[in-house]
file input.pdb (PDB, C-alpha atoms)
ATOM      1  CA  MET A   1      29.079 -21.262  -6.951
ATOM      2  CA  THR A   2      30.371 -22.187 -10.395
ATOM      3  CA  ALA A   3      28.745 -21.220 -13.691
ATOM      4  CA  SER A   4      27.791 -24.850 -14.374
ATOM      5  CA  SER A   5      26.116 -25.122 -10.955
ATOM      6  CA  LEU A   6      24.253 -21.882 -11.596
ATOM      7  CA  ARG A   7      23.006 -23.121 -14.973
ATOM      8  CA  TYR A   8      21.948 -26.402 -13.388
ATOM      9  CA  LEU A   9      19.984 -24.686 -10.611
ATOM     10  CA  ILE A  10      18.268 -22.337 -13.057
ATOM     11  CA  LYS A  11      17.228 -25.314 -15.206
ATOM     12  CA  GLU A  12      16.002 -27.098 -12.074
ATOM     13  CA  GLY A  13      13.940 -24.068 -11.090
ATOM     14  CA  ILE A  14      12.302 -23.878 -14.516
ATOM     15  CA  LYS A  15      11.726 -27.639 -14.561
ATOM     16  CA  ASN A  16      10.267 -27.617 -11.054
ATOM     17  CA  THR A  17       7.725 -25.013 -12.176
ATOM     18  CA  TRP A  18       6.292 -27.646 -14.529
ATOM     19  CA  THR A  19       6.880 -30.607 -12.193
ATOM     20  CA  ASN A  20       4.893 -28.899  -9.447
ATOM     21  CA  ARG A  21       2.463 -27.403 -11.940
ATOM     22  CA  MET A  22      -0.606 -27.582  -9.727
ATOM     23  CA  MET A  23       0.965 -25.342  -7.107
ATOM     24  CA  SER A  24       2.490 -23.184  -9.855
ATOM     25  CA  ILE A  25      -0.943 -22.718 -11.416
ATOM     26  CA  ALA A  26      -2.367 -21.835  -8.005
ATOM     27  CA  SER A  27       0.369 -19.235  -7.473
ATOM     28  CA  ILE A  28      -0.147 -17.806 -10.972
ATOM     29  CA  CYS A  29      -3.919 -17.546 -10.461
ATOM     30  CA  VAL A  30      -3.497 -15.748  -7.138
ATOM     31  CA  LEU A  31      -0.931 -13.312  -8.488
ATOM     32  CA  LEU A  32      -2.926 -12.827 -11.703
ATOM     33  CA  SER A  33      -6.016 -11.845  -9.711
ATOM     34  CA  CYS A  34      -4.087  -9.207  -7.765
ATOM     35  CA  LEU A  35      -2.394  -7.821 -10.885
ATOM     36  CA  VAL A  36      -5.705  -7.623 -12.758
ATOM     37  CA  LEU A  37      -7.181  -5.616  -9.875
ATOM     38  CA  ILE A  38      -4.141  -3.314  -9.848
ATOM     39  CA  GLY A  39      -4.259  -2.898 -13.634
ATOM     40  CA  SER A  40      -8.001  -2.234 -13.708
ATOM     41  CA  ALA A  41      -7.759   0.285 -10.875
ATOM     42  CA  SER A  42      -4.880   2.003 -12.673
ATOM     43  CA  MET A  43      -6.842   2.375 -15.931
ATOM     44  CA  ILE A  44      -9.857   3.758 -14.059
ATOM     45  CA  PHE A  45      -7.748   6.388 -12.294
ATOM     46  CA  LEU A  46      -5.846   7.239 -15.495
ATOM     47  CA  ASN A  47      -9.150   7.896 -17.267
ATOM     48  CA  ILE A  48     -10.417  10.023 -14.374
ATOM     49  CA  ASP A  49      -7.155  11.978 -14.353
ATOM     50  CA  SER A  50      -7.410  12.474 -18.132
ATOM     51  CA  LEU A  51     -10.970  13.772 -17.777
ATOM     52  CA  ILE A  52      -9.919  16.226 -15.058
ATOM     53  CA  SER A  53      -6.996  17.380 -17.214
ATOM     54  CA  ARG A  54      -9.383  18.167 -20.079
ATOM     55  CA  ILE A  55     -11.598  20.137 -17.694
ATOM     56  CA  GLU A  56      -8.511  21.983 -16.433
ATOM     57  CA  GLU A  57      -7.614  22.959 -19.992
ATOM     58  CA  GLU A  58     -11.032  24.554 -20.369
ATOM     59  CA  ASN A  59     -10.636  26.476 -17.112
ATOM     60  CA  VAL A  60      -8.907  29.437 -18.745
ATOM     61  CA  ILE A  61      -8.489  33.112 -17.896
ATOM     62  CA  MET A  62     -10.091  35.590 -20.290
ATOM     63  CA  VAL A  63      -8.417  39.007 -20.305
ATOM     64  CA  TYR A  64     -10.603  41.627 -22.019
ATOM     65  CA  ILE A  65      -8.748  44.613 -23.465
ATOM     66  CA  THR A  66      -9.918  48.194 -23.043
ATOM     67  CA  ASP A  67     -11.716  49.324 -26.197
ATOM     68  CA  GLY A  68      -9.666  51.720 -28.293
ATOM     69  CA  THR A  69      -6.277  50.294 -27.280
ATOM     70  CA  GLU A  70      -3.740  50.567 -30.081
ATOM     71  CA  GLN A  71      -2.497  47.395 -31.765
ATOM     72  CA  ALA A  72       1.081  48.002 -30.595
ATOM     73  CA  ALA A  73      -0.089  48.067 -26.960
ATOM     74  CA  ILE A  74      -2.167  44.924 -27.524
ATOM     75  CA  ASP A  75       0.863  43.103 -28.952
ATOM     76  CA  GLU A  76       3.000  44.281 -26.028
ATOM     77  CA  MET A  77       0.395  42.953 -23.585
ATOM     78  CA  GLY A  78       0.527  39.580 -25.319
ATOM     79  CA  GLU A  79       4.309  39.392 -24.878
ATOM     80  CA  LYS A  80       4.036  40.310 -21.204
ATOM     81  CA  LEU A  81       1.361  37.642 -20.667
ATOM     82  CA  LYS A  82       3.601  34.995 -22.252
ATOM     83  CA  ALA A  83       6.425  36.040 -19.931
ATOM     84  CA  ILE A  84       4.426  35.176 -16.788
ATOM     85  CA  ASP A  85       5.837  31.946 -15.278
ATOM     86  CA  ASN A  86       2.626  29.981 -14.836
ATOM     87  CA  VAL A  87       1.184  30.823 -18.273
ATOM     88  CA  ALA A  88       1.209  27.836 -20.635
ATOM     89  CA  GLU A  89      -0.500  29.357 -23.672
ATOM     90  CA  VAL A  90      -1.710  32.775 -24.795
ATOM     91  CA  GLU A  91      -4.237  33.089 -27.627
ATOM     92  CA  PHE A  92      -5.494  36.397 -29.022
ATOM     93  CA  VAL A  93      -9.262  36.477 -29.674
ATOM     94  CA  SER A  94     -10.283  39.393 -31.871
ATOM     95  CA  LYS A  95     -13.650  40.966 -31.253
ATOM     96  CA  VAL A  96     -14.624  40.362 -34.891
ATOM     97  CA  ASP A  97     -14.058  36.617 -34.623
ATOM     98  CA  ALA A  98     -15.712  36.449 -31.206
ATOM     99  CA  TRP A  99     -18.774  38.321 -32.507
ATOM    100  CA  GLN A 100     -19.099  36.006 -35.507
ATOM    101  CA  GLU A 101     -18.984  32.992 -33.217
ATOM    102  CA  GLN A 102     -21.605  34.604 -30.994
ATOM    103  CA  LEU A 103     -23.906  35.203 -33.966
ATOM    104  CA  LYS A 104     -23.661  31.526 -34.962
ATOM    105  CA  THR A 105     -25.140  30.543 -31.597
ATOM    106  CA  MET A 106     -28.206  32.750 -32.136
ATOM    107  CA  GLU A 107     -31.324  31.953 -34.100
ATOM    108  CA  GLU A 108     -31.381  33.385 -37.626
ATOM    109  CA  ALA A 109     -33.925  36.141 -36.868
ATOM    110  CA  GLN A 110     -32.077  37.157 -33.714
ATOM    111  CA  ALA A 111     -28.722  37.291 -35.493
ATOM    112  CA  LYS A 112     -30.225  39.354 -38.316
ATOM    113  CA  PHE A 113     -31.681  41.809 -35.797
ATOM    114  CA  PHE A 114     -28.319  42.407 -34.118
ATOM    115  CA  THR A 115     -26.483  42.850 -37.413
ATOM    116  CA  GLU A 116     -29.051  45.276 -38.835
ATOM    117  CA  ILE A 117     -29.576  47.381 -35.725
ATOM    118  CA  SER A 118     -25.943  48.431 -35.565
ATOM    119  CA  THR A 119     -22.630  47.816 -37.278
ATOM    120  CA  ASP A 120     -20.729  48.261 -34.021
ATOM    121  CA  ILE A 121     -19.380  45.121 -32.394
ATOM    122  CA  PRO A 122     -20.400  45.028 -28.705
ATOM    123  CA  LEU A 123     -17.418  42.889 -27.690
ATOM    124  CA  PRO A 124     -13.821  43.822 -26.801
ATOM    125  CA  ASP A 125     -10.645  42.154 -28.023
ATOM    126  CA  ALA A 126      -9.340  39.584 -25.560
ATOM    127  CA  TYR A 127      -6.567  37.183 -24.672
ATOM    128  CA  LYS A 128      -7.379  33.586 -23.781
ATOM    129  CA  ILE A 129      -4.830  32.293 -21.264
ATOM    130  CA  THR A 130      -4.197  28.700 -20.244
ATOM    131  CA  VAL A 131      -2.263  28.161 -17.002
ATOM    132  CA  LYS A 132       0.239  25.409 -16.229
ATOM    133  CA  ASP A 133      -0.431  24.787 -12.546
ATOM    134  CA  LEU A 134      -3.908  25.348 -11.122
ATOM    135  CA  ASN A 135      -2.398  25.552  -7.662
ATOM    136  CA  GLN A 136      -0.839  28.865  -8.739
ATOM    137  CA  PHE A 137      -4.053  30.118 -10.383
ATOM    138  CA  SER A 138      -4.720  32.984  -7.953
ATOM    139  CA  ASN A 139      -1.138  34.249  -8.120
ATOM    140  CA  THR A 140      -1.279  34.196 -11.916
ATOM    141  CA  VAL A 141      -4.452  36.305 -11.906
ATOM    142  CA  LYS A 142      -2.751  38.825  -9.586
ATOM    143  CA  GLU A 143       0.209  39.084 -11.987
ATOM    144  CA  ILE A 144      -2.132  39.647 -14.945
ATOM    145  CA  LYS A 145      -4.024  42.418 -13.133
ATOM    146  CA  LYS A 146      -0.801  44.441 -12.917
ATOM    147  CA  LEU A 147      -0.782  44.956 -16.704
ATOM    148  CA  ASP A 148      -2.121  48.070 -18.428
ATOM    149  CA  ASN A 149      -5.077  48.392 -20.822
ATOM    150  CA  ILE A 150      -7.128  45.662 -19.133
ATOM    151  CA  ASP A 151     -10.877  46.209 -19.052
ATOM    152  CA  THR A 152     -11.990  43.109 -17.133
ATOM    153  CA  ILE A 153     -10.715  39.638 -16.294
ATOM    154  CA  ARG A 154     -12.978  36.608 -16.314
ATOM    155  CA  GLN A 155     -11.666  33.736 -14.226
ATOM    156  CA  ASN A 156     -12.956  31.017 -11.942
ATOM    157  CA  THR A 157     -10.635  30.669  -8.972
ATOM    158  CA  ASP A 158     -13.026  28.432  -7.015
ATOM    159  CA  LEU A 159     -13.257  25.901  -9.861
ATOM    160  CA  ALA A 160      -9.474  25.906 -10.221
ATOM    161  CA  LYS A 161      -9.033  25.167  -6.513
ATOM    162  CA  LYS A 162     -11.626  22.369  -6.628
ATOM    163  CA  LEU A 163     -10.020  20.763  -9.682
ATOM    164  CA  ASP A 164      -6.585  20.930  -8.058
ATOM    165  CA  THR A 165      -7.960  19.343  -4.859
ATOM    166  CA  ILE A 166      -9.733  16.588  -6.809
ATOM    167  CA  SER A 167      -6.607  15.865  -8.849
ATOM    168  CA  ARG A 168      -4.459  15.566  -5.724
ATOM    169  CA  GLY A 169      -7.099  13.417  -4.013
ATOM    170  CA  ILE A 170      -7.306  11.012  -6.953
ATOM    171  CA  THR A 171      -3.518  10.670  -7.021
ATOM    172  CA  ILE A 172      -3.399   9.833  -3.307
ATOM    173  CA  ILE A 173      -6.296   7.349  -3.570
ATOM    174  CA  ALA A 174      -4.669   5.653  -6.572
ATOM    175  CA  ILE A 175      -1.344   5.280  -4.746
ATOM    176  CA  VAL A 176      -3.036   3.914  -1.601
ATOM    177  CA  ILE A 177      -5.201   1.388  -3.479
ATOM    178  CA  ILE A 178      -2.315   0.127  -5.633
ATOM    179  CA  ALA A 179      -0.059  -0.120  -2.556
ATOM    180  CA  VAL A 180      -2.726  -2.078  -0.640
ATOM    181  CA  LEU A 181      -3.285  -4.443  -3.570
ATOM    182  CA  PHE A 182       0.477  -4.919  -3.885
ATOM    183  CA  ALA A 183       0.726  -5.748  -0.159
ATOM    184  CA  ILE A 184      -2.175  -8.188  -0.508
ATOM    185  CA  SER A 185      -0.518  -9.851  -3.483
ATOM    186  CA  LEU A 186       2.711 -10.253  -1.493
ATOM    187  CA  PHE A 187       0.821 -11.770   1.427
ATOM    188  CA  ILE A 188      -1.209 -14.191  -0.685
ATOM    189  CA  ILE A 189       1.673 -15.270  -2.915
ATOM    190  CA  SER A 190       3.859 -15.823   0.167
ATOM    191  CA  ASN A 191       1.260 -18.124   1.678
ATOM    192  CA  THR A 192       0.770 -19.948  -1.612
ATOM    193  CA  ILE A 193       4.506 -20.510  -1.990
ATOM    194  CA  LYS A 194       4.628 -21.575   1.651
ATOM    195  CA  ILE A 195       2.333 -24.468   0.752
ATOM    196  CA  THR A 196       4.595 -25.311  -2.180
ATOM    197  CA  VAL A 197       7.685 -25.318   0.017
ATOM    198  CA  TYR A 198       5.914 -27.347   2.715
ATOM    199  CA  SER A 199       4.921 -30.006   0.169
ATOM    200  CA  ARG A 200       8.613 -30.294  -0.771
ATOM    201  CA  ARG A 201      10.039 -30.129   2.743
ATOM    202  CA  LEU A 202      11.499 -33.634   2.494
ATOM    203  CA  GLU A 203      13.350 -32.698  -0.684
ATOM    204  CA  ILE A 204      14.776 -29.622   1.050
ATOM    205  CA  SER A 205      15.793 -31.649   4.094
ATOM    206  CA  ILE A 206      17.624 -34.226   1.953
ATOM    207  CA  MET A 207      19.554 -31.479   0.176
ATOM    208  CA  LYS A 208      20.505 -29.918   3.511
ATOM    209  CA  SER A 209      21.526 -33.303   4.892
ATOM    210  CA  VAL A 210      24.035 -33.899   2.096
ATOM    211  CA  GLY A 211      25.659 -30.533   2.700
ATOM    212  CA  ALA A 212      23.859 -28.219   0.254
ATOM    213  CA  THR A 213      24.273 -24.534   1.091
ATOM    214  CA  ASN A 214      21.307 -22.251   1.652
ATOM    215  CA  SER A 215      21.993 -20.491  -1.652
ATOM    216  CA  PHE A 216      22.072 -23.811  -3.510
ATOM    217  CA  VAL A 217      18.708 -24.819  -2.041
ATOM    218  CA  ARG A 218      17.136 -21.382  -2.390
ATOM    219  CA  LEU A 219      18.014 -20.559  -6.019
ATOM    220  CA  PRO A 220      15.632 -23.028  -7.758
ATOM    221  CA  PHE A 221      12.739 -21.632  -5.696
ATOM    222  CA  VAL A 222      13.770 -18.089  -6.591
ATOM    223  CA  VAL A 223      13.823 -19.069 -10.273
ATOM    224  CA  GLU A 224      10.359 -20.587  -9.850
ATOM    225  CA  GLY A 225       9.186 -17.320  -8.333
ATOM    226  CA  ILE A 226      10.571 -15.363 -11.304
ATOM    227  CA  VAL A 227       8.928 -17.717 -13.820
ATOM    228  CA  ILE A 228       5.608 -17.483 -11.986
ATOM    229  CA  GLY A 229       5.913 -13.681 -11.868
ATOM    230  CA  VAL A 230       6.659 -13.368 -15.591
ATOM    231  CA  ILE A 231       3.818 -15.695 -16.633
ATOM    232  CA  SER A 232       1.375 -13.936 -14.302
ATOM    233  CA  SER A 233       2.412 -10.531 -15.648
ATOM    234  CA  VAL A 234       1.857 -11.416 -19.307
ATOM    235  CA  LEU A 235      -1.472 -13.134 -18.607
ATOM    236  CA  SER A 236      -2.624 -10.238 -16.385
ATOM    237  CA  LEU A 237      -1.889  -7.700 -19.114
ATOM    238  CA  ALA A 238      -3.969  -9.729 -21.593
ATOM    239  CA  VAL A 239      -6.864 -10.018 -19.123
ATOM    240  CA  VAL A 240      -6.823  -6.303 -18.234
ATOM    241  CA  TYR A 241      -6.751  -5.418 -21.948
ATOM    242  CA  ALA A 242      -9.714  -7.706 -22.668
ATOM    243  CA  VAL A 243     -11.734  -6.392 -19.712
ATOM    244  CA  TYR A 244     -10.936  -2.757 -20.554
ATOM    245  CA  GLU A 245     -11.868  -3.069 -24.239
ATOM    246  CA  PHE A 246     -15.050  -4.954 -23.349
ATOM    247  CA  SER A 247     -16.057  -2.261 -20.840
ATOM    248  CA  VAL A 248     -15.319   0.562 -23.304
ATOM    249  CA  ASN A 249     -17.437  -1.107 -26.008
ATOM    250  CA  GLN A 250     -20.287  -1.865 -23.615
ATOM    251  CA  PHE A 251     -20.513   1.696 -22.288
ATOM    252  CA  SER A 252     -19.534   3.536 -25.488
ATOM    253  CA  ASP A 253     -22.964   5.200 -25.834
ATOM    254  CA  LEU A 254     -22.867   6.391 -22.223
ATOM    255  CA  PHE A 255     -19.360   7.792 -22.691
ATOM    256  CA  LYS A 256     -20.453   9.701 -25.818
ATOM    257  CA  THR A 257     -23.440  11.149 -23.980
ATOM    258  CA  MET A 258     -21.226  12.339 -21.118
ATOM    259  CA  GLY A 259     -18.531  13.602 -23.486
ATOM    260  CA  ILE A 260     -15.957  11.168 -22.110
ATOM    261  CA  ILE A 261     -13.206   9.907 -24.413
ATOM    262  CA  PRO A 262     -11.676   6.673 -22.995
ATOM    263  CA  LEU A 263      -7.902   6.372 -23.180
ATOM    264  CA  ASN A 264      -6.296   4.009 -25.676
ATOM    265  CA  PHE A 265      -5.085   1.040 -23.644
ATOM    266  CA  LEU A 266      -2.241   0.279 -26.057
ATOM    267  CA  ASN A 267      -0.623   3.628 -25.200
ATOM    268  CA  TYR A 268      -0.097   2.335 -21.656
ATOM    269  CA  ALA A 269       0.401  -1.384 -22.369
ATOM    270  CA  TRP A 270       4.211  -1.410 -22.208
ATOM    271  CA  TYR A 271       4.290   0.687 -19.041
ATOM    272  CA  MET A 272       1.738  -1.605 -17.417
ATOM    273  CA  LEU A 273       3.625  -4.721 -18.510
ATOM    274  CA  ALA A 274       6.835  -3.318 -17.002
ATOM    275  CA  ALA A 275       5.003  -2.556 -13.734
ATOM    276  CA  PHE A 276       3.421  -6.020 -13.729
ATOM    277  CA  LEU A 277       6.812  -7.666 -14.299
ATOM    278  CA  VAL A 278       8.320  -5.756 -11.388
ATOM    279  CA  ILE A 279       5.404  -6.579  -9.089
ATOM    280  CA  GLY A 280       5.183 -10.194 -10.278
ATOM    281  CA  ILE A 281       8.897 -10.937 -10.020
ATOM    282  CA  VAL A 282       9.286  -9.150  -6.682
ATOM    283  CA  SER A 283       6.239 -10.968  -5.303
ATOM    284  CA  GLY A 284       7.473 -14.358  -6.517
ATOM    285  CA  VAL A 285      11.073 -13.920  -5.395
ATOM    286  CA  PHE A 286      10.226 -12.195  -2.106
ATOM    287  CA  GLY A 287       7.576 -14.788  -1.345
ATOM    288  CA  SER A 288      10.033 -17.609  -2.032
ATOM    289  CA  LEU A 289      12.759 -16.111   0.145
ATOM    290  CA  ILE A 290      10.464 -15.429   3.098
ATOM    291  CA  THR A 291       8.724 -18.791   3.151
ATOM    292  CA  MET A 292      11.940 -20.803   2.819
ATOM    293  CA  ARG A 293      13.686 -19.281   5.796
ATOM    294  CA  ARG A 294      12.134 -21.631   8.353
ATOM    295  CA  TYR A 295      12.983 -24.746   6.318
ATOM    296  CA  LEU A 296      16.576 -23.802   5.558
ATOM    297  CA  ASN A 297      17.349 -23.768   9.289
ATOM    298  CA  LYS A 298      16.151 -27.345   9.902
ATOM    299  CA  GLU A 299      19.144 -29.050   8.247
ATOM    300  CA  GLY A 300      17.640 -32.444   7.706
ATOM    301  CA  SER A 301      15.138 -32.446  10.558
ATOM    302  CA  GLU A 302      12.527 -34.056   8.333
ATOM    303  CA  ILE A 303      14.791 -37.065   7.782
ATOM    304  CA  SER A 304      15.629 -37.214  11.470
ATOM    305  CA  ALA A 305      11.935 -37.271  12.238
ATOM    306  CA  ILE A 306      11.509 -40.219   9.887
TER     307      ILE A 306
END

call {"tool": "encode", "arguments": {"input": "input.pdb", "output": "structure tokens"}}
result
Amino acid sequence: MTASSLRYLIKEGIKNTWTNRMMSIASICVLLSCLVLIGSASMIFLNIDSLISRIEEENVIMVYITDGTEQAAIDEMGEKLKAIDNVAEVEFVSKVDAWQEQLKTMEEAQAKFFTEISTDIPLPDAYKITVKDLNQFSNTVKEIKKLDNIDTIRQNTDLAKKLDTISRGITIIAIVIIAVLFAISLFIISNTIKITVYSRRLEISIMKSVGATNSFVRLPFVVEGIVIGVISSVLSLAVVYAVYEFSVNQFSDLFKTMGIIPLNFLNYAWYMLAAFLVIGIVSGVFGSLITMRRYLNKEGSEISAI
């Protein structure tokens, strides 16, 4: 196929999108609906995953140091904690700072009582440890317990396991739902394009009768599929953005009450557009190729029937 023929077929495909605009609009609407569902589901799961990540960050290990430990030994413990593989962050919490924070949570009379009754601080120095992988939480605690000068360790292994299970479950559910919606979009767009191809079966038969190759006949439909996919992707992104912003504004008070901070849609817009373009173009092209197969083998049967 020459370059001029290729340019001609591409122009024909783009022109046919407008010529058969009713069927093109139908295909765009169908694909748009599926992409909006995929996009909305994705934003919901991203927000849930973000919320779980924030909870995970708060699920830390507190290592309380034996009272009377020298500063050199405390510093050495901090270096050893940082050297543990699954440790993401180590923060030293002095007993003075911790006691001052504790006093702030008390009523004024209660705080005054504790400060006047004794000058001793009833809290030990501690290290606040954030882990990287909750799945390795128990092993990390075991490694920490091997260190010297540890009084007690406060940790919540059960919560860590539950959060890890929930996170994995949400990931699997998200993948399954998006895959199902993608399969549905392929099925629906294929049937929509099938109607388009059927309405133009005489045109296809004439082209086959005069010796047009399968590639020559197929390319304009493939171009139509790409155009439909691109238009659907851009429109879907705009619709998902509008729906997401509307929902965030409508439930803003509820989110504040629950301490939920919705994600900024614009941070994910380009990634979502890229995903939509891939899904839209693949759906359009794949749908066109599948539904044309039966007509490309007729070779002018429609004319023969006439």

call {"tool": "closest_residue", "arguments": {"input": "input.pdb", "among": "A:Phe92, A:Phe246, A:Tyr241, A:Phe216", "to": "Asn267 (chain A)", "atoms": "all atoms listed in the file"}}
result
A:Tyr241

call {"tool": "closest_residue", "arguments": {"input": "input.pdb", "among": "A:Asn249, A:Ser33, A:Thr140, A:Thr105", "to": "Ala83 (chain A)", "atoms": "all atoms listed in the file"}}
result
A:Thr140

call {"tool": "atom_distance", "arguments": {"input": "input.pdb", "atom1": "CA of Val60 (chain A)", "atom2": "CA of Val131 (chain A)"}}
result
7.0 Å

call {"tool": "atom_distance", "arguments": {"input": "input.pdb", "atom1": "CA of Val223 (chain A)", "atom2": "CA of Ile14 (chain A)"}}
result
6.6 Å

call {"tool": "closest_residue", "arguments": {"input": "input.pdb", "among": "A:Glu245, A:Asp85, A:Asp253, A:Glu224", "to": "Lys15 (chain A)", "atoms": "all atoms listed in the file"}}
result
A:Glu224

call {"tool": "resolve_selection", "arguments": {"input": "input.pdb", "expression": "the PyMOL selection byres ((chain A and resi 127) around 6)", "output": "ChimeraX atom specification"}}
result
/A:62-63,91-93,126,128

call {"tool": "atom_distance", "arguments": {"input": "input.pdb", "atom1": "CA of Ile44 (chain A)", "atom2": "CA of Ile231 (chain A)"}}
result
23.9 Å

call {"tool": "resolve_selection", "arguments": {"input": "input.pdb", "expression": "the PyMOL selection byres ((chain A and resi 264) around 12)", "output": "MDAnalysis selection string"}}
result
chainID A and resid 43 46:47 50 241 244:245 248 261:263 265:269

call {"tool": "residues_around", "arguments": {"input": "input.pdb", "residues": "Ile38 (chain A)", "least_positions_apart": "5", "cutoff": "10 Å", "atoms": "all atoms listed in the file", "output": "PyMOL selection string"}}
result
chain A and resi 32-33+43+174+177-182+185+236+240+272+275-276

call {"tool": "closest_residue", "arguments": {"input": "input.pdb", "among": "A:Leu273, A:Ile184, A:Arg7, A:Ser138", "to": "Val239 (chain A)", "atoms": "all atoms listed in the file"}}
result
A:Leu273

call {"tool": "closest_residue", "arguments": {"input": "input.pdb", "among": "A:Thr66, A:Ser209, A:Ser247, A:Gln155", "to": "Phe137 (chain A)", "atoms": "only C-alpha atoms"}}
result
A:Gln155

call {"tool": "resolve_selection", "arguments": {"input": "input.pdb", "expression": "the PyMOL selection byres ((chain A and resi 88) around 7)", "output": "list in words"}}
result
Asn86, Val87, Glu89, Thr130, Val131 and Lys132 of chain A

call {"tool": "closest_residue", "arguments": {"input": "input.pdb", "among": "A:Ile173, A:Ile260, A:Leu37, A:Ile206", "to": "Leu51 (chain A)", "atoms": "all atoms listed in the file"}}
result
A:Ile260

call {"tool": "residues_around", "arguments": {"input": "input.pdb", "residues": "Leu277 (chain A)", "least_positions_apart": "6", "cutoff": "7 Å", "atoms": "all atoms listed in the file", "output": "number ranges by chain"}}
result
A: 229-230, 233

call {"tool": "write_last_selection", "arguments": {"input": "input.pdb", "atoms": "C-alpha atoms", "output": "short mmCIF file (atom, residue, chain, number, x, y, z; two decimals), keeping the file's coordinate frame"}}
result
data_model
loop_
_atom_site.label_atom_id
_atom_site.label_comp_id
_atom_site.auth_asym_id
_atom_site.auth_seq_id
_atom_site.Cartn_x
_atom_site.Cartn_y
_atom_site.Cartn_z
CA GLY A 229 5.91 -13.68 -11.87
CA VAL A 230 6.66 -13.37 -15.59
CA SER A 233 2.41 -10.53 -15.65
#
